[in-house]
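What follows is a single structure, written as structure tokens, with notes after it.
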Amino acid sequence: MSQNKSLLQLRGIAKIFSKGTIDEVTALDNIKLDVNAEDYITIIGSNGAGKTTLLNVIGGVFPPERGGKVIISGNDITGFSEYKHATYVGRVYQDPHIGTAAKMTVEENLAMAVLRGQPRGLRPATNKQRRELFRSALAPLSLGLEDRLNAQVGTLSSGQRQAVALVMATISKPALLLLDEHTANLDPRTAQLVLDLTEVIVQREKMTTIMVTHNMELALRYGNRLIMMHEGKIVVDLNQKQRAGLTIDDLIAAFEQASGRRFIEDNILLRR
Amino acid sequence: MLDIVGNVLSFSFYEGLVFGLVAIGVYLTLRVLAFPDLTVDGSYTLGGATTAVLIVNGVHPFPATLAAIGVGLCAGLVTGLLNTKLRLPALLAGILMMVGLYSINLRVMGGANVSLLRQVTAFDKVAEVLGLSHGSIVVSITVALAIAAVVFFILNWFLRTEIGLALRATGDNEQMVRSLGVDTDKNVLMGCAIANGLVGLAGAVVAQGQGFADVGMGIGMIVMGLASVIIGEALFRPRGMARLLLAAIGGAFCYRLFITIALRLGMAPGDLKLITAVLVVIALAVPFIRKKLRHEWIPPAVRW
């Protein structure tokens with residue numbers, strides 16, 4: 001059916017905010033992107049480069065401008081509502097509060113997540129079998145959460161909540177995992193823990209992943225492909241081979257060449 | 001003396017069970033969905049009016065009572081549609097429905113009220129079956145208890161199912177629920193419909209109990225439901241689905257007990273709405289003042 005083995009195909013994706021006003025902003029400018037199955041892409045760029053807008057289009061928060069196409073696993077889902085995108089796309093947000101429901105228990109949160117893309121019925125939301133599944137998904141975090149299934153998520157720390165959010169995004173094994181600066185709000189130690197967990201889950205499940213980050217070091221350390229965005233365009237796209245051995249200074253040079261700007265202007269925004 | 005106490009208690013118990021349905025409805029929208037739904041004032045009257053008119057026109061009181069659930073469901077559905085499809089703020093959607101339903105209720109009844117005097121109500125039917133005298137408090141309590149028990153068991157089961165869990169999560173974190181593949185609009189519609197269905201049922205039971213439906217019978221129902229929910233939460237500090245539902249009924253009982261005592265002590269019925277309003281203000285202000293005294297952090301007021 002599809003000519004190539006791309007898991008995600010983006011064609012002619014544009015997004016213009018405040019169209020027809022003096023505040024008109026082109027957030028995405030004719031993006032074409034093919035993501036292969038089991039790719040782990042890191043996306044980097046300064047504020048306003050369009051990284052999060054791109055994730056929002058893939059996640060279905062809003063549709064692209066007319067003419068753009070979002071195709072996942074051979075299904076054209078352009079313009080579908082967000083909850084339908086969720087069948088294919090799991091997402092972890094920057095803010096741990098967005099990814100988890102505070103007033104519900106760990107178990108109830110996971111029970112919500114495990115049914116991604118499946119019809120929900122009048123069966124009890126949790127049962128012994130599912131509880132076992134939750135425990136085995138939480139145990140590798142080494143946070144002791146597997147013994148706190150009945151704890152309200154609101155009583156957990158931000159790091160613990162983000163770890164739960166990560167498990168929730170991946171437990172039903174969606175085709176694509178979106179990580180939207182998911183460690184930016186955490187302290188360095190917790191951030192590292194969540195990054196390690198991400199690595200474990202992504203490797204184990206062979207998940208196709210797109211991680212947006214401000215942090216160049218992270219962008220180089222993780223994944224097999226690096227994309228740099230600038231003013232709504234993809235300006236650098238490095239595969240595993242091209243990326244190997246690259247330093248942060250190389251990245252800066254690549255950015256300056258591609259964007260035609262001195263990096264110093266964006267230095268404050270792009271963390272080294 | 002003991003007779004009076006028994007009277008007051010049993011009457012409040014009956015009222016607590018019936019108005020507990022309103023309290024559960026308010027709990028479902030306000031607490032579970034985080035949707036402050038003012039439709040309640042209108043849908044309560046709509047339920048009472050519909051059932052009364054059906055009974056007067058010769059319909060059996062049982063289906064006539066069930067019809068109240070149906071019209072309540074529809075009213076809640078419209079409120080939900082205004083909010084989800086036209087993106088009206090929840091408060092405004094409810095207010096518009098409340099105002100609109102006032103006219104609809106007048107049309108349904110063809111006037112300001114419908115009398116059920118000399119009509120056979122659900123209470124009379126049950127009294128016949130039980131072989132008790134009509135108008136006995138035992139009959140009233142039996143009917144109310146049966147309805148409240150059925151509602152409690154159904155909701156306690158439903159809110160634990162896969163669909164019910166998604167419904168509860170929608171009020172907690174709508175963005176998350178959507179990102180997990182659930183149509184949250186549908187959940188809001190469902191929640192509003194169920195809540196107003198229960199409220200309509202309460203209106204139908206009350207109309208039959210008091211022998212008439214009146215266009216003003218629903219005024220202040222939302223505040224009463226709110227008062228019951230708050231009192232229930234304050235007194236029972238409930239944890240878990242079953243207890244939360246029971247606390248709403250318990251809160252309604254305490255509230256009605258309070259009102260009944262106030263009436264017995266010679267309070268004018270017209271003053272009761274003010275008392276209720278003051279009661280809610282006190283109940284909401286106490287935790288705030290307590291925190292203030294302890295120099296705790298207090299979140300800013302919500303301005304839906």
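Labeling convention for the structure tokens: chains A, B, ... as they appear, residues from 1 per chain, ligands from 1 in order of appearance.
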Step one, run DSSP on the backbone; step two, keep only residues of region 31-247 of chain A assigned to strand (DSSP E); then write them as a PyMOL selection string.
chain A and resi 31-36+40-44+69-72+75-76+89-92+176-180+208-213+225-230+233-238
Which residues come within 6 Å of Asp29 (chain A), counting only C-alpha atoms, excluding same-chain residues fewer than 3 positions away, as a list in words?
Ala14, Gly232 and Lys233 of chain A
Generate a file of the selected residues that holds all heavy atoms, formatted as a PDB file, in the first residue's frame.
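Saved to part-v2.pdb:
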ATOM      1  N   ALA A  14       1.826  23.221   7.332  1.00  0.00           N
ATOM      2  CA  ALA A  14       2.010  24.629   7.670  1.00  0.00           C
ATOM      3  C   ALA A  14       1.053  24.984   8.789  1.00  0.00           C
ATOM      4  O   ALA A  14       0.021  24.331   8.962  1.00  0.00           O
ATOM      5  CB  ALA A  14       1.737  25.505   6.454  1.00  0.00           C
ATOM      6  N   GLY A 232      10.035  27.824  11.907  1.00  0.00           N
ATOM      7  CA  GLY A 232       9.009  26.978  11.312  1.00  0.00           C
ATOM      8  C   GLY A 232       9.495  26.027  10.243  1.00  0.00           C
ATOM      9  O   GLY A 232       8.693  25.388   9.564  1.00  0.00           O
ATOM     10  N   LYS A 233      10.809  25.957  10.055  1.00  0.00           N
ATOM     11  CA  LYS A 233      11.340  25.048   9.035  1.00  0.00           C
ATOM     12  C   LYS A 233      12.325  24.068   9.672  1.00  0.00           C
ATOM     13  O   LYS A 233      12.930  24.356  10.696  1.00  0.00           O
ATOM     14  CB  LYS A 233      12.103  25.838   7.959  1.00  0.00           C
ATOM     15  CG  LYS A 233      11.251  26.708   7.076  1.00  0.00           C
ATOM     16  CD  LYS A 233      12.110  27.174   5.889  1.00  0.00           C
ATOM     17  CE  LYS A 233      11.301  27.964   4.899  1.00  0.00           C
ATOM     18  NZ  LYS A 233      11.297  29.401   5.169  1.00  0.00           N
TER      19      LYS A 233
END
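Counting from CA of Gly94 (chain B), the distance to CA of Leu106 (chain B) is 18.5 Å.
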Per-residue nearest contacts chain A to chain B, cut-off 7 Å, using only C-alpha atoms, as JSON lines:
{"residue": "A:Glu82", "atom": "CA", "partner": "B:Arg178", "partner_atom": "CA", "distance": 6.5}
{"residue": "A:Tyr83", "atom": "CA", "partner": "B:Gly181", "partner_atom": "CA", "distance": 4.1}
{"residue": "A:Lys84", "atom": "CA", "partner": "B:Gly181", "partner_atom": "CA", "distance": 5.9}
{"residue": "A:Ala86", "atom": "CA", "partner": "B:Gly181", "partner_atom": "CA", "distance": 4.7}
{"residue": "A:Thr87", "atom": "CA", "partner": "B:Gly181", "partner_atom": "CA", "distance": 5.9}
{"residue": "A:Ile98", "atom": "CA", "partner": "B:Met176", "partner_atom": "CA", "distance": 6.0}
{"residue": "A:Gly99", "atom": "CA", "partner": "B:Met176", "partner_atom": "CA", "distance": 5.4}
{"residue": "A:Thr100", "atom": "CA", "partner": "B:Met176", "partner_atom": "CA", "distance": 6.4}
{"residue": "A:Ala101", "atom": "CA", "partner": "B:Asn173", "partner_atom": "CA", "distance": 5.3}
{"residue": "A:Ala102", "atom": "CA", "partner": "B:Asp172", "partner_atom": "CA", "distance": 6.9}
{"residue": "A:Lys103", "atom": "CA", "partner": "B:Asp172", "partner_atom": "CA", "distance": 6.5}
{"residue": "A:Met112", "atom": "CA", "partner": "B:Ala166", "partner_atom": "CA", "distance": 6.6}
{"residue": "A:Ala113", "atom": "CA", "partner": "B:Leu180", "partner_atom": "CA", "distance": 5.8}
{"residue": "A:Arg116", "atom": "CA", "partner": "B:Leu180", "partner_atom": "CA", "distance": 5.3}
{"residue": "A:Gly117", "atom": "CA", "partner": "B:Gly181", "partner_atom": "CA", "distance": 5.8}
{"residue": "A:Arg120", "atom": "CA", "partner": "B:Glu162", "partner_atom": "CA", "distance": 5.5}
{"residue": "A:Gly121", "atom": "CA", "partner": "B:Glu162", "partner_atom": "CA", "distance": 5.6}
{"residue": "A:Leu122", "atom": "CA", "partner": "B:Thr161", "partner_atom": "CA", "distance": 5.1}
{"residue": "A:Arg123", "atom": "CA", "partner": "B:Thr161", "partner_atom": "CA", "distance": 5.3}
{"residue": "A:Pro124", "atom": "CA", "partner": "B:Thr161", "partner_atom": "CA", "distance": 4.2}
{"residue": "A:Ala125", "atom": "CA", "partner": "B:Glu162", "partner_atom": "CA", "distance": 4.3}
Please save C-alpha atoms of the selected residues as a PDB file, in the first residue's frame.
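As a result, out31.pdb now contains:
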ATOM      1  CA  GLU A  82      -7.166  14.974  19.263  1.00  0.00           C
ATOM      2  CA  TYR A  83      -8.711  11.955  20.936  1.00  0.00           C
ATOM      3  CA  LYS A  84      -8.582  10.045  17.644  1.00  0.00           C
ATOM      4  CA  ALA A  86      -4.351   9.451  20.611  1.00  0.00           C
ATOM      5  CA  THR A  87      -4.963   5.978  19.219  1.00  0.00           C
ATOM      6  CA  ILE A  98      -0.945  17.705  32.377  1.00  0.00           C
ATOM      7  CA  GLY A  99      -0.056  14.056  31.982  1.00  0.00           C
ATOM      8  CA  THR A 100      -1.730  12.740  35.126  1.00  0.00           C
ATOM      9  CA  ALA A 101      -5.048  13.213  36.953  1.00  0.00           C
ATOM     10  CA  ALA A 102      -4.280  14.463  40.472  1.00  0.00           C
ATOM     11  CA  LYS A 103      -7.470  13.459  42.242  1.00  0.00           C
ATOM     12  CA  MET A 112      -7.344   5.114  31.858  1.00  0.00           C
ATOM     13  CA  ALA A 113      -4.124   4.828  29.897  1.00  0.00           C
ATOM     14  CA  ARG A 116      -5.867   3.976  24.660  1.00  0.00           C
ATOM     15  CA  GLY A 117      -7.365   3.385  21.242  1.00  0.00           C
ATOM     16  CA  ARG A 120     -14.369   1.671  26.670  1.00  0.00           C
ATOM     17  CA  GLY A 121     -17.234  -0.358  28.040  1.00  0.00           C
ATOM     18  CA  LEU A 122     -19.114  -1.165  31.212  1.00  0.00           C
ATOM     19  CA  ARG A 123     -16.528  -3.603  32.523  1.00  0.00           C
ATOM     20  CA  PRO A 124     -14.871  -2.709  35.847  1.00  0.00           C
ATOM     21  CA  ALA A 125     -11.968  -0.370  35.059  1.00  0.00           C
TER      22      ALA A 125
END
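All residues of protein, DNA or RNA that reach within 12 Å of region 281-294 of chain B, judged by only C-alpha atoms and not counting those fewer than 3 positions away in the chain, are Val223, Leu226, Ala227, Ser228, Val229, Ile230, Ile231, Gly232, Glu233, Ala234, Leu235, Gly251, Tyr255, Leu274, Ile275, Thr276, Ala277, Val278, Trp297, Ile298, Pro299, Pro300 and Ala301 of chain B.
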Alpha helix (DSSP H) per DSSP on the backbone: members of region 108-242 of chain B, as a PyMOL selection string:
chain B and resi 108-109+122-130+137-158+162-172+174-179+184-210+221-236+241-242
Which neighbours of region 91-95 of chain A fall inside 6 Å, counting only C-alpha atoms, when residues of the same chain fewer than 3 positions from it are skipped, and could you give them as number ranges by chain?
A: 98, 169, 177-182
Write out the residues from the selection above, keeping N, CA, C and O atoms, as a PDB file, in the first residue's frame.
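out_28.pdb written:
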ATOM      1  N   ILE A  98      -0.086  17.910  33.544  1.00  0.00           N
ATOM      2  CA  ILE A  98      -0.945  17.705  32.377  1.00  0.00           C
ATOM      3  C   ILE A  98      -1.093  16.220  32.063  1.00  0.00           C
ATOM      4  O   ILE A  98      -2.121  15.777  31.585  1.00  0.00           O
ATOM      5  N   ALA A 169       1.875   7.034  28.973  1.00  0.00           N
ATOM      6  CA  ALA A 169       1.974   7.323  27.540  1.00  0.00           C
ATOM      7  C   ALA A 169       2.404   6.094  26.745  1.00  0.00           C
ATOM      8  O   ALA A 169       2.150   5.999  25.551  1.00  0.00           O
ATOM      9  N   LEU A 177       5.634   7.888  20.052  1.00  0.00           N
ATOM     10  CA  LEU A 177       5.725   8.530  21.359  1.00  0.00           C
ATOM     11  C   LEU A 177       6.270   9.944  21.185  1.00  0.00           C
ATOM     12  O   LEU A 177       7.319  10.143  20.561  1.00  0.00           O
ATOM     13  N   LEU A 178       5.547  10.928  21.698  1.00  0.00           N
ATOM     14  CA  LEU A 178       5.996  12.318  21.632  1.00  0.00           C
ATOM     15  C   LEU A 178       6.431  12.776  23.021  1.00  0.00           C
ATOM     16  O   LEU A 178       5.675  12.667  23.980  1.00  0.00           O
ATOM     17  N   LEU A 179       7.649  13.281  23.112  1.00  0.00           N
ATOM     18  CA  LEU A 179       8.149  13.790  24.385  1.00  0.00           C
ATOM     19  C   LEU A 179       8.386  15.291  24.219  1.00  0.00           C
ATOM     20  O   LEU A 179       9.250  15.707  23.450  1.00  0.00           O
ATOM     21  N   ASP A 180       7.584  16.082  24.910  1.00  0.00           N
ATOM     22  CA  ASP A 180       7.645  17.528  24.720  1.00  0.00           C
ATOM     23  C   ASP A 180       8.413  18.178  25.866  1.00  0.00           C
ATOM     24  O   ASP A 180       7.816  18.605  26.848  1.00  0.00           O
ATOM     25  N   GLU A 181       9.738  18.235  25.741  1.00  0.00           N
ATOM     26  CA  GLU A 181      10.588  18.784  26.813  1.00  0.00           C
ATOM     27  C   GLU A 181      10.172  18.183  28.155  1.00  0.00           C
ATOM     28  O   GLU A 181       9.979  18.908  29.130  1.00  0.00           O
ATOM     29  N   HIS A 182      10.047  16.878  28.196  1.00  0.00           N
ATOM     30  CA  HIS A 182       9.392  16.263  29.344  1.00  0.00           C
ATOM     31  C   HIS A 182      10.249  16.235  30.600  1.00  0.00           C
ATOM     32  O   HIS A 182       9.788  15.796  31.645  1.00  0.00           O
TER      33      HIS A 182
END
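Interatomic distance, CA of Phe13 (chain B) to CA of Phe253 (chain B): 5.9 Å.
Contact shell of Ser43 (chain B) at 8 Å (only C-alpha atoms; same-chain neighbours under 3 positions omitted): B:Thr39, B:Val40, B:Leu46, B:Gly47, B:Val71, B:Gly72, B:Ala75, B:Gly76, B:Met98, B:Leu101, B:Asn196, B:Gly197, B:Val199, B:Gly200, B:Gly203, B:Gly218.
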Write out, as a tab-separated table (two decimals), in the first residue's frame, the residues just selected, with N, CA and C atoms.
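Written out: selection-v3.tsv:
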chain	number	residue	atom	x	y	z
B	39	THR	N	-28.58	24.37	35.50
B	39	THR	CA	-29.79	23.85	34.86
B	39	THR	C	-30.75	23.29	35.90
B	40	VAL	N	-30.14	22.76	36.99
B	40	VAL	CA	-30.86	22.08	38.06
B	40	VAL	C	-32.18	22.75	38.46
B	46	LEU	N	-39.06	20.86	35.76
B	46	LEU	CA	-39.47	20.17	34.54
B	46	LEU	C	-39.89	18.74	34.85
B	47	GLY	N	-39.11	18.07	35.69
B	47	GLY	CA	-39.45	16.70	36.10
B	47	GLY	C	-40.79	16.66	36.81
B	71	VAL	N	-37.02	13.63	30.59
B	71	VAL	CA	-36.97	15.07	30.26
B	71	VAL	C	-35.77	15.73	30.94
B	72	GLY	N	-35.43	15.27	32.15
B	72	GLY	CA	-34.25	15.81	32.84
B	72	GLY	C	-32.99	15.52	32.03
B	75	ALA	N	-32.79	17.88	29.15
B	75	ALA	CA	-32.39	19.23	29.56
B	75	ALA	C	-30.88	19.28	29.79
B	76	GLY	N	-30.36	18.27	30.50
B	76	GLY	CA	-28.92	18.24	30.76
B	76	GLY	C	-28.12	18.11	29.48
B	98	MET	N	-31.75	27.44	32.60
B	98	MET	CA	-32.64	27.68	33.73
B	98	MET	C	-33.73	28.67	33.34
B	101	LEU	N	-36.02	27.13	30.60
B	101	LEU	CA	-36.90	26.08	31.11
B	101	LEU	C	-38.08	26.65	31.88
B	196	ASN	N	-28.95	15.75	35.50
B	196	ASN	CA	-30.27	16.39	35.40
B	196	ASN	C	-31.40	15.37	35.33
B	197	GLY	N	-31.09	14.17	34.87
B	197	GLY	CA	-32.08	13.09	34.92
B	197	GLY	C	-32.45	12.79	36.37
B	199	VAL	N	-32.09	14.83	38.90
B	199	VAL	CA	-32.77	16.00	39.46
B	199	VAL	C	-34.24	16.01	39.02
B	200	GLY	N	-34.48	15.67	37.74
B	200	GLY	CA	-35.85	15.58	37.25
B	200	GLY	C	-36.64	14.54	38.03
B	203	GLY	N	-37.67	15.92	41.30
B	203	GLY	CA	-38.82	16.83	41.13
B	203	GLY	C	-40.13	16.04	41.01
B	218	GLY	N	-38.60	24.78	41.83
B	218	GLY	CA	-37.17	24.51	41.65
B	218	GLY	C	-36.26	25.65	42.07
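The neighbours of Ile55 (chain B) here are the residues that come within 10 Å of it, using only C-alpha atoms and leaving out any residue fewer than 6 positions away in the same chain; they are Ala49, Pro61, Phe62, Pro63, Ala64, Thr65, Leu116, Gln119, Val120, Thr121, Ala122 and Gln208 of chain B.
CA of Leu155 (chain B) lies 26.4 Å from CA of Leu9 (chain B).
Close contacts of Ile249 (chain B), defined as residues with an atom at most 7 Å away when counting only C-alpha atoms, with chain neighbours fewer than 2 positions off set aside, comprise Gly16, Leu17, Gly20, Ala23, Leu245, Leu246, Ala247, Gly251, Ala252 and Phe253 of chain B.
Proximity to Val70 (chain A) was assessed for A:Lys32, A:Lys19, A:Lys173, A:Arg11 counting only C-alpha atoms; the smallest distance is recorded for A:Arg11.
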